[in-house]
Amino acid sequence: MKTGYSMFSFTEDADVSEKFHLVKTAGYDGVEPVMSESGYLNRSSSEKEILDIGNIAREEGLEIPSVGVWSLWENNLVSDDEKVRCKAEDIIKKQIEIAALLGADTILAVPGYVGCDFASKPERIRYDIAYDRCREALGRLAPEAEKANVHIGIENVWNRFLLSPLEMKRLLDEVGSDYVGAYFDVGNVIYTGYPEDWIRILGKKYVKKIHLSDYRRDQAGLGAFVDLLAGDVDFEEVGNALKEIGYCDYLTLEMLPNYKKHPDVSVFSGKHAVDLIARMCE
């Protein structure tokens, strides 16, 4: 089992050279860069700029297994505005392009939202309409992903949408592509359920990548996300579930919300827990 660190743990304009060096120094195998509207990776990034980021990673001895995205919160994939939906699909297409250039086999995509507390101008989308739009969008994007040999991993996020593993699996079954699955975050479901259930129900077919995070039920909101092993994720059961489905890909730590001060510390503070959890999965 390999371990990675997500650049979601830093700001969108983070210094890639500096952060990649920290990630390697801490002993991770890989790093997950994140695309945004105007950061180090964005829709205007040239092929050379993208390849330069890959070269920085290789020089540090790091793999890039996946590419995340910030800007799908501001550009809802299931928006009532067709122009917004089209922009969201274009963002995902750019992610696929970036991932292919960087040698990553997966992108993390937000599958749209029914309601959102994070967007600057959040919409309220009717649930069944959001579901249909999401399925249709992923159906259009699947051939792009297959052509590039890059998987689209839709993440379970706080979007008031796709709230159960049965619903997520149903959606993926209906899309019907080997190149569309789930990028599963184990901490994101603690406030409504159990990550080990999601893993077993989605199975090896659909679990493309894993984000490690932890959450405490007796707190509330984003402030309830805590350091690994300080919350209510049963990592031993998560490990058992991952072993049962035969998952042997990356475990990537995401410290979000970021540490308010000295976020670089999070690269090192979580490493022992990540290694312990990785052993639970073997």
# chains A, B, ... in the order shown; residues from 1 in each chain; ligands from 1
call {"tool": "residues_around", "arguments": {"residues": "segment 133-146 of chain A", "least_positions_apart": "6", "cutoff": "9 Å", "atoms": "only C-alpha atoms", "output": "MDAnalysis selection string"}}
result
chainID A and resid 77:79 85 89 92:93 96:97 111:112 152 171:172 174:180
call {"tool": "residues_around", "arguments": {"residues": "Tyr127 of chain A", "least_positions_apart": "2", "cutoff": "12 Å", "atoms": "only C-alpha atoms", "output": "PyMOL selection string"}}
result
chain A and resi 78-80+112-115+123-125+129-134+159-163
call {"tool": "closest_residue", "arguments": {"among": "A:Ile190, A:Ile201, A:Ala26, A:Ala273", "to": "Trp158 of chain A", "atoms": "only C-alpha atoms"}}
result
A:Ile190
call {"tool": "select_by_dssp", "arguments": {"residues": "segment 129-234 of chain A", "states": "strand (DSSP E or B)", "output": "NGL selection string"}}
result
:A and (151-155 or 180-185 or 207-212 or 214-215 or 225-226)
call {"tool": "closest_residue", "arguments": {"among": "A:Tyr250, A:Phe268, A:Phe118, A:Phe225", "to": "Thr3 of chain A", "atoms": "only C-alpha atoms"}}
result
A:Tyr250
call {"tool": "closest_residue", "arguments": {"among": "A:Val189, A:Leu102, A:Ile210, A:Leu256", "to": "Val274 of chain A", "atoms": "only C-alpha atoms"}}
result
A:Ile210
call {"tool": "atom_distance", "arguments": {"atom1": "atom CA of Leu251 of chain A", "atom2": "atom CA of Lys209 of chain A"}}
result
7.3 Å
call {"tool": "atom_distance", "arguments": {"atom1": "atom CA of Ser17 of chain A", "atom2": "atom CA of Val265 of chain A"}}
result
16.4 Å
